[in-house]
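Listing of input_13.tsv; format and content: TSV, C-alpha atoms.
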```tsv
chain	number	residue	atom	x	y	z
A	11	MET	CA	-2.94	-9.08	-6.45
A	12	VAL	CA	-1.57	-7.90	-9.77
A	13	TYR	CA	-2.35	-7.48	-13.44
A	14	ARG	CA	0.53	-6.33	-15.67
A	15	ASP	CA	1.99	-3.78	-13.22
A	16	TYR	CA	5.41	-5.18	-14.06
A	17	TRP	CA	7.52	-2.26	-12.87
A	18	ALA	CA	5.75	-2.06	-9.52
A	19	LEU	CA	5.89	-5.85	-9.17
A	20	SER	CA	9.65	-5.84	-9.72
A	21	GLN	CA	10.00	-3.21	-6.99
A	22	TRP	CA	7.72	-5.18	-4.64
A	23	TYR	CA	9.63	-8.41	-5.17
A	24	ALA	CA	13.07	-6.85	-4.77
A	25	HIS	CA	11.99	-5.22	-1.49
A	26	TYR	CA	10.16	-8.06	0.22
A	27	SER	CA	12.35	-10.92	-1.00
A	28	ARG	CA	15.31	-9.20	0.64
A	29	HIS	CA	13.50	-8.85	3.97
A	30	LEU	CA	11.33	-11.97	4.08
A	31	ASP	CA	12.89	-14.47	1.62
A	32	PRO	CA	11.12	-15.40	-1.64
A	33	GLU	CA	9.52	-18.60	-0.31
A	34	ASN	CA	7.40	-16.49	2.06
A	35	LEU	CA	5.98	-14.31	-0.72
A	36	PHE	CA	2.62	-14.90	-2.43
A	37	VAL	CA	1.41	-13.15	-5.57
A	38	VAL	CA	-2.20	-13.44	-6.74
A	39	ALA	CA	-2.18	-13.10	-10.53
A	40	HIS	CA	-5.42	-11.66	-11.92
A	41	GLY	CA	-5.29	-13.75	-15.07
A	42	ALA	CA	-2.59	-16.14	-16.27
A	43	ASP	CA	0.69	-14.36	-16.96
A	44	PRO	CA	4.03	-16.19	-17.24
A	45	LYS	CA	5.95	-12.91	-16.85
A	46	ILE	CA	4.94	-12.80	-13.17
A	47	HIS	CA	6.87	-16.02	-12.58
A	48	GLU	CA	9.88	-14.49	-14.35
A	49	LEU	CA	9.80	-11.35	-12.19
A	50	CYS	CA	9.19	-13.23	-8.93
A	51	PRO	CA	11.37	-16.35	-8.96
A	52	GLY	CA	10.92	-18.32	-5.78
A	53	ALA	CA	7.58	-16.73	-4.86
A	54	SER	CA	4.31	-18.63	-4.97
A	55	VAL	CA	2.04	-17.39	-7.76
A	56	ILE	CA	-1.68	-18.15	-7.51
A	57	THR	CA	-3.70	-17.46	-10.66
A	58	VAL	CA	-7.37	-16.48	-10.57
A	59	PRO	CA	-9.58	-15.91	-13.64
A	60	ARG	CA	-9.85	-12.47	-15.17
A	61	ASP	CA	-13.38	-12.65	-16.50
A	62	LYS	CA	-15.55	-10.90	-13.92
A	63	PHE	CA	-15.49	-7.23	-12.93
A	64	THR	CA	-18.91	-6.79	-11.31
A	65	TYR	CA	-18.36	-5.59	-7.73
A	66	PHE	CA	-14.66	-5.78	-8.48
A	67	ASP	CA	-13.27	-4.27	-5.27
A	68	LEU	CA	-15.71	-6.16	-3.04
A	69	SER	CA	-15.01	-9.49	-4.73
A	70	ARG	CA	-11.26	-8.93	-4.70
A	71	GLY	CA	-11.37	-8.03	-1.01
A	72	ARG	CA	-13.27	-11.18	-0.10
A	73	LEU	CA	-10.90	-13.33	-2.15
A	74	LEU	CA	-7.79	-11.86	-0.56
A	75	ASN	CA	-9.25	-11.96	2.95
A	76	GLY	CA	-9.99	-15.63	2.53
A	77	PHE	CA	-6.47	-16.33	1.33
A	78	GLN	CA	-5.07	-14.24	4.16
A	79	VAL	CA	-7.01	-16.25	6.75
A	80	GLY	CA	-5.61	-19.42	5.23
A	81	LEU	CA	-2.04	-18.14	5.53
A	82	ASP	CA	-2.72	-17.30	9.17
A	83	GLU	CA	-2.95	-21.04	9.82
A	84	VAL	CA	0.78	-21.43	9.08
A	85	TYR	CA	2.29	-17.98	9.74
A	86	ASP	CA	2.45	-15.88	12.91
A	87	TRP	CA	1.75	-12.71	10.91
A	88	VAL	CA	0.46	-11.99	7.42
A	89	ILE	CA	1.65	-8.84	5.64
A	90	ARG	CA	-0.63	-7.71	2.84
A	91	THR	CA	0.05	-4.82	0.49
A	92	ASP	CA	-0.83	-3.79	-3.01
A	93	VAL	CA	1.86	-4.38	-5.60
A	94	ASP	CA	2.92	-0.71	-5.52
A	95	GLU	CA	3.31	-0.48	-1.73
A	96	LEU	CA	6.54	-0.98	0.23
A	97	ILE	CA	6.61	-1.17	4.03
A	98	CYS	CA	9.76	0.52	5.32
A	99	LEU	CA	10.91	0.28	8.93
A	100	ASP	CA	13.11	2.88	10.61
A	101	PRO	CA	16.43	1.07	11.33
A	102	ASP	CA	16.94	3.18	14.46
A	103	ARG	CA	13.82	1.54	15.91
A	104	TYR	CA	13.68	-1.95	14.38
A	105	GLN	CA	16.18	-4.54	13.19
A	106	GLY	CA	13.64	-5.97	10.74
A	107	PHE	CA	10.09	-7.26	10.52
A	108	ALA	CA	10.55	-9.92	13.22
A	109	ASP	CA	11.78	-7.26	15.63
A	110	PHE	CA	8.90	-4.97	14.66
A	111	PHE	CA	6.29	-7.62	15.47
A	112	ALA	CA	8.04	-8.54	18.73
A	113	GLN	CA	7.78	-4.91	19.81
A	114	ASN	CA	4.21	-4.40	18.53
A	115	PRO	CA	2.02	-7.39	19.42
A	116	ASP	CA	-1.42	-5.87	18.73
A	117	ARG	CA	-3.28	-8.04	16.22
A	118	ALA	CA	-3.42	-5.41	13.45
A	119	GLN	CA	-0.79	-2.85	12.49
A	120	PHE	CA	-1.21	0.45	10.65
A	121	SER	CA	1.49	2.65	9.12
A	122	LEU	CA	2.16	6.26	8.18
A	123	GLY	CA	1.56	6.60	4.44
A	124	LEU	CA	3.73	8.39	1.90
A	125	ASN	CA	3.16	9.02	-1.82
A	126	LEU	CA	6.55	8.92	-3.53
A	127	ALA	CA	6.78	11.48	-6.34
A	128	GLU	CA	8.69	11.77	-9.60
A	129	LEU	CA	10.24	15.22	-10.15
A	130	PRO	CA	11.14	16.59	-13.60
A	131	ASP	CA	14.88	16.20	-12.98
A	132	ASP	CA	14.66	12.67	-11.56
A	133	PRO	CA	16.34	9.97	-13.69
A	134	LYS	CA	14.21	7.67	-15.80
A	135	PHE	CA	14.11	4.12	-14.54
A	136	MET	CA	16.28	1.50	-16.16
A	137	PRO	CA	15.98	-2.24	-15.39
A	138	GLY	CA	17.20	-3.02	-11.90
A	139	MET	CA	16.92	0.54	-10.56
A	140	LEU	CA	15.15	0.74	-7.20
A	141	ALA	CA	12.58	3.44	-6.56
A	142	LEU	CA	13.78	4.23	-3.05
A	143	GLN	CA	17.30	4.85	-4.33
A	144	HIS	CA	16.25	7.25	-7.10
A	145	ARG	CA	13.26	9.16	-5.69
A	146	ARG	CA	13.23	11.33	-2.55
A	147	ARG	CA	10.26	13.73	-2.70
A	148	ALA	CA	7.17	12.42	-0.94
A	149	LEU	CA	3.79	13.65	0.25
A	150	PHE	CA	2.31	12.33	3.48
A	151	SER	CA	-1.08	10.68	3.02
A	152	THR	CA	-3.78	9.57	5.42
A	153	HIS	CA	-5.39	7.64	2.54
A	154	TYR	CA	-2.32	5.39	2.33
A	155	SER	CA	-1.86	5.17	6.09
A	156	LYS	CA	-3.26	1.67	5.78
A	157	ALA	CA	-3.55	-1.49	7.82
A	158	TRP	CA	-0.84	-3.77	6.45
A	159	ALA	CA	-0.23	-6.66	8.87
A	160	VAL	CA	-2.59	-8.87	10.86
A	161	ARG	CA	-2.63	-12.02	12.92
A	162	GLY	CA	-5.75	-14.04	13.58
A	163	ARG	CA	-8.97	-14.03	11.60
A	164	ILE	CA	-9.06	-10.32	10.81
A	165	GLY	CA	-10.06	-9.00	7.41
A	166	LEU	CA	-8.76	-5.93	5.61
A	167	ARG	CA	-11.22	-3.56	3.98
A	168	ARG	CA	-11.14	0.03	2.70
A	169	HIS	CA	-7.56	0.53	3.95
A	170	GLY	CA	-8.53	-0.54	7.47
A	171	VAL	CA	-9.42	-3.67	9.40
A	172	GLU	CA	-12.81	-5.36	9.43
A	173	ILE	CA	-14.03	-6.91	12.67
A	174	ARG	CA	-17.36	-7.83	14.19
A	175	PRO	CA	-19.25	-4.58	14.85
A	176	ARG	CA	-19.93	-5.42	18.48
A	177	PHE	CA	-16.19	-5.31	19.20
A	178	ILE	CA	-15.47	-2.09	17.39
A	179	ASP	CA	-15.45	0.37	20.30
A	180	ALA	CA	-12.92	-1.56	22.36
A	181	TYR	CA	-10.67	-2.72	19.52
A	182	PRO	CA	-7.11	-1.34	19.81
A	183	PHE	CA	-5.82	0.96	17.09
A	184	SER	CA	-2.07	0.39	16.64
A	185	VAL	CA	0.06	2.85	14.65
A	186	PRO	CA	3.62	2.18	15.76
A	187	ARG	CA	6.17	4.92	15.24
A	188	GLY	CA	8.74	4.19	12.57
A	189	ALA	CA	6.63	2.10	10.15
A	190	TYR	CA	5.95	3.68	6.76
A	191	LEU	CA	3.95	2.58	3.73
A	192	VAL	CA	5.59	4.07	0.63
A	193	HIS	CA	3.16	4.17	-2.28
A	194	LEU	CA	4.93	4.02	-5.66
A	195	LYS	CA	2.07	4.90	-8.04
A	196	PHE	CA	3.42	8.37	-8.84
A	197	ALA	CA	7.14	7.52	-8.74
A	198	ASN	CA	7.36	6.38	-12.37
A	199	GLY	CA	5.34	8.32	-14.94
A	200	GLN	CA	5.79	5.80	-17.74
A	201	ALA	CA	4.66	2.86	-15.59
A	202	LEU	CA	1.73	4.95	-14.30
A	203	ALA	CA	0.49	5.63	-17.84
A	204	GLU	CA	0.59	1.90	-18.65
A	205	SER	CA	-1.24	0.84	-15.49
A	206	ASP	CA	-3.86	3.56	-15.92
A	207	THR	CA	-4.73	2.11	-19.33
A	208	HIS	CA	-5.60	-1.22	-17.72
A	209	ARG	CA	-7.53	0.39	-14.87
A	210	MET	CA	-9.64	2.46	-17.24
A	211	GLN	CA	-10.51	-0.72	-19.10
A	212	VAL	CA	-11.74	-2.36	-15.87
A	213	ALA	CA	-13.67	0.74	-14.81
A	214	SER	CA	-15.41	0.93	-18.19
A	215	GLU	CA	-16.72	-2.64	-18.06
A	216	LEU	CA	-20.49	-2.91	-17.93
A	217	GLY	CA	-21.87	-4.08	-14.62
A	218	ARG	CA	-22.46	-2.90	-11.11
A	219	GLY	CA	-19.78	-2.20	-8.54
A	220	THR	CA	-16.87	-1.49	-10.90
A	221	PRO	CA	-14.09	0.74	-9.50
A	222	GLY	CA	-14.73	4.42	-9.04
A	223	GLN	CA	-13.74	7.80	-10.41
A	224	SER	CA	-9.97	7.56	-9.91
A	225	TRP	CA	-9.92	4.52	-12.25
A	226	ARG	CA	-12.32	6.03	-14.80
A	227	ASP	CA	-10.55	9.41	-14.91
A	228	PRO	CA	-6.92	8.95	-13.84
A	229	ASP	CA	-5.76	12.10	-15.66
A	230	THR	CA	-7.62	14.32	-13.19
A	231	ARG	CA	-6.20	12.38	-10.22
A	232	ASN	CA	-2.68	12.57	-11.62
A	233	ARG	CA	-2.93	16.29	-12.38
A	234	ARG	CA	-4.12	17.07	-8.86
A	235	PHE	CA	-1.27	15.10	-7.34
A	236	HIS	CA	1.40	16.76	-9.47
A	237	ASP	CA	-0.09	20.20	-8.72
A	238	ARG	CA	0.34	19.48	-5.02
A	239	VAL	CA	3.92	18.29	-5.53
A	240	ARG	CA	4.70	21.47	-7.44
A	241	ASN	CA	2.96	23.90	-5.08
A	242	LEU	CA	3.50	22.55	-1.57
A	243	PRO	CA	6.54	23.85	0.31
A	244	VAL	CA	9.07	21.17	1.23
A	245	THR	CA	9.20	20.65	5.00
A	246	ASP	CA	12.17	18.98	6.65
A	247	TRP	CA	11.48	15.36	7.59
A	248	ASP	CA	12.20	15.92	11.29
A	249	GLU	CA	9.47	18.56	11.36
A	250	ALA	CA	6.98	17.06	8.91
A	251	GLU	CA	6.98	13.45	10.16
A	252	PRO	CA	5.82	14.24	13.73
A	253	GLN	CA	3.04	16.46	12.35
A	254	ALA	CA	1.83	13.73	10.03
A	255	PHE	CA	2.10	11.04	12.70
A	256	ALA	CA	0.01	13.11	15.13
A	257	GLN	CA	-2.76	13.27	12.52
A	258	ILE	CA	-2.86	9.61	11.54
A	259	SER	CA	-2.44	8.21	15.07
A	260	ALA	CA	-5.40	10.21	16.41
A	261	GLU	CA	-8.66	8.40	17.20
A	262	PRO	CA	-9.60	6.50	14.02
A	263	GLU	CA	-12.83	6.26	12.09
A	264	ARG	CA	-14.86	3.45	13.68
A	265	GLU	CA	-17.72	2.47	11.37
A	266	ARG	CA	-20.17	0.68	13.61
A	267	HIS	CA	-22.42	-0.46	10.76
A	268	THR	CA	-19.60	-2.17	8.84
A	269	GLY	CA	-17.10	-3.06	11.56
A	270	VAL	CA	-14.32	-1.19	9.72
A	271	ILE	CA	-11.64	0.71	11.64
A	272	ARG	CA	-9.44	2.98	9.53
A	273	VAL	CA	-7.36	6.14	9.70
A	274	ARG	CA	-9.44	9.30	9.34
A	275	ASP	CA	-9.04	10.51	5.75
A	276	VAL	CA	-8.02	14.16	6.07
A	277	ALA	CA	-5.73	16.29	3.92
A	278	LEU	CA	-2.09	16.24	5.00
A	279	ASN	CA	-0.56	19.16	3.13
A	280	LEU	CA	2.99	18.13	3.89
A	281	ALA	CA	5.73	17.50	1.35
A	282	THR	CA	9.17	16.32	2.42
A	283	ASP	CA	12.35	14.66	1.23
A	284	LEU	CA	12.91	11.18	2.59
A	285	PRO	CA	15.90	10.77	4.91
A	286	GLY	CA	18.85	8.79	3.63
A	287	TRP	CA	18.00	5.55	5.42
A	288	PHE	CA	15.11	4.93	2.99
A	289	ARG	CA	17.67	4.27	0.24
A	290	SER	CA	18.51	0.95	1.88
A	291	ALA	CA	15.17	0.31	3.60
```

What would the structure in this file look like if it were written as structure tokens?
Amino acid sequence: MVYRDYWALSQWYAHYSRHLDPENLFVVAHGADPKIHELCPGASVITVPRDKFTYFDLSRGRLLNGFQVGLDEVYDWVIRTDVDELICLDPDRYQGFADFFAQNPDRAQFSLGLNLAELPDDPKFMPGMLALQHRRRALFSTHYSKAWAVRGRIGLRRHGVEIRPRFIDAYPFSVPRGAYLVHLKFANGQALAESDTHRMQVASELGRGTPGQSWRDPDTRNRRFHDRVRNLPVTDWDEAEPQAFAQISAEPERERHTGVIRVRDVALNLATDLPGWFRSA
């Protein structure tokens, strides 16, 4: 689901159209916007009204879950990400998404999350430049170690899966090795400033259930992230990745009152440089 995040959308489309073909991509436009069709030729664009922000996250989640369940009627798997999230698969483990799902048949898949960072000496983005080819520094994140693919009538909520509470204790938690969610929010400072303007507008709307502090005060969030990028030592990928994986693949948070299963949100104070295979992931 997207509203005016044009740079992130162009990255999303370039990545997934190469792996999955454009006809298998679906973009939910939050308000009519012909530019989305221009940036995503061949994808299906579904437009929903942009006139209600009360309980924004809850309403958006229900809408997307319903659409996801519909797609499950015609697809074996449904991949769902935000517009600034790219799923990257280690080519030493998987030949592509079909191979990944053949090897990992559990009904919901989680990933190891990474926040891609922009460093002062990194080049500014020009049209057609791909984030994974021009950014290497990344911070591991449990927050973005999200559920990203499901089959069957399973909802996504709060970065995890939502099932009937009575099944929660026995439900399998699948975090396959070699699947990474790369979050692009902090990879392009100019695009971040533009998207933050729109998010602050939503968060300031009157009404109950509007998005929280990170939308109302993005400057504080951004400053904290860049402080961590600047201050954390850089750990070699071959050392940092196993440490991060051990944390996110541990027993998850199982919320018995909501039926949500998600990665435990703890601080992963690990910065690294992505290995070269990400450049063509």

Region 115-132 of chain A surroundings by all atoms listed in the file, 9 Å radius, close-in-sequence under 3 positions cut, as a PyMOL selection string: chain A and resi 87+97+110-112+141-142+144-162+164+170-171+182-199+235-236+239-240+251+254-255+258-259+272-273

Between CA of Thr282 (chain A) and CA of Trp247 (chain A), distance in Å (one decimal):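 Spanning CA of Thr282 (chain A) to CA of Trp247 (chain A) is a straight-line distance of 5.7 Å.
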
Gap from CA of Ala281 (chain A) to CA of Thr245 (chain A) - Å, one decimal: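 Interatomic distance, CA of Ala281 (chain A) to CA of Thr245 (chain A): 5.9 Å.
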
Residue with smallest distance to Asp31 (chain A) - pool A:Cys98, A:Arg168, A:Phe107, A:Leu68, counting only C-alpha atoms: A:Phe107

Atomic distance CA of Gly269 (chain A) - CA of Val93 (chain A), expressed in Å with one decimal: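 Straight-line distance from CA of Gly269 (chain A) to CA of Val93 (chain A) works out to 25.6 Å.
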
Counting only C-alpha atoms, the option among A:Pro133, A:Gly165, A:Pro101, A:Pro228 closest to Arg289 (chain A): A:Pro101

Shortest interatomic distance to Gly286 (chain A) - which of A:Asp179, A:Leu99, A:Gln143, A:Arg167, counting only C-alpha atoms: A:Gln143

Selection: 9 Å around Ser54 (chain A), all atoms listed in the file, excl. self and same-chain fewer than 3 positions, as an MDAnalysis selection string: chainID A and resid 32:38 47 50:51

Can you write out the residues you just picked, keeping C-alpha atoms, as a compact mmCIF listing (two decimals), keeping the file's coordinate frame?
```
# COMPACT_ATOMS: atom_id res chain seq x y z
CA PRO A 32 11.12 -15.40 -1.64
CA GLU A 33 9.52 -18.60 -0.31
CA ASN A 34 7.40 -16.49 2.06
CA LEU A 35 5.98 -14.31 -0.72
CA PHE A 36 2.62 -14.90 -2.43
CA VAL A 37 1.41 -13.15 -5.57
CA VAL A 38 -2.20 -13.44 -6.74
CA HIS A 47 6.87 -16.02 -12.58
CA CYS A 50 9.19 -13.23 -8.93
CA PRO A 51 11.37 -16.35 -8.96
```

For Ala53 (chain A), the nearest of the candidates A:Ser27, A:Gln253, A:Ser69, A:Gln21, counting all atoms listed in the file: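 Among the listed residues, the smallest separation from Ala53 (chain A) belongs to A:Ser27.
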
Best match for closeness to Pro285 (chain A) among A:Tyr65, A:Lys134, A:Met139, A:Asp248, counting only C-alpha atoms: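 Closest to Pro285 (chain A), using only C-alpha atoms: A:Asp248.
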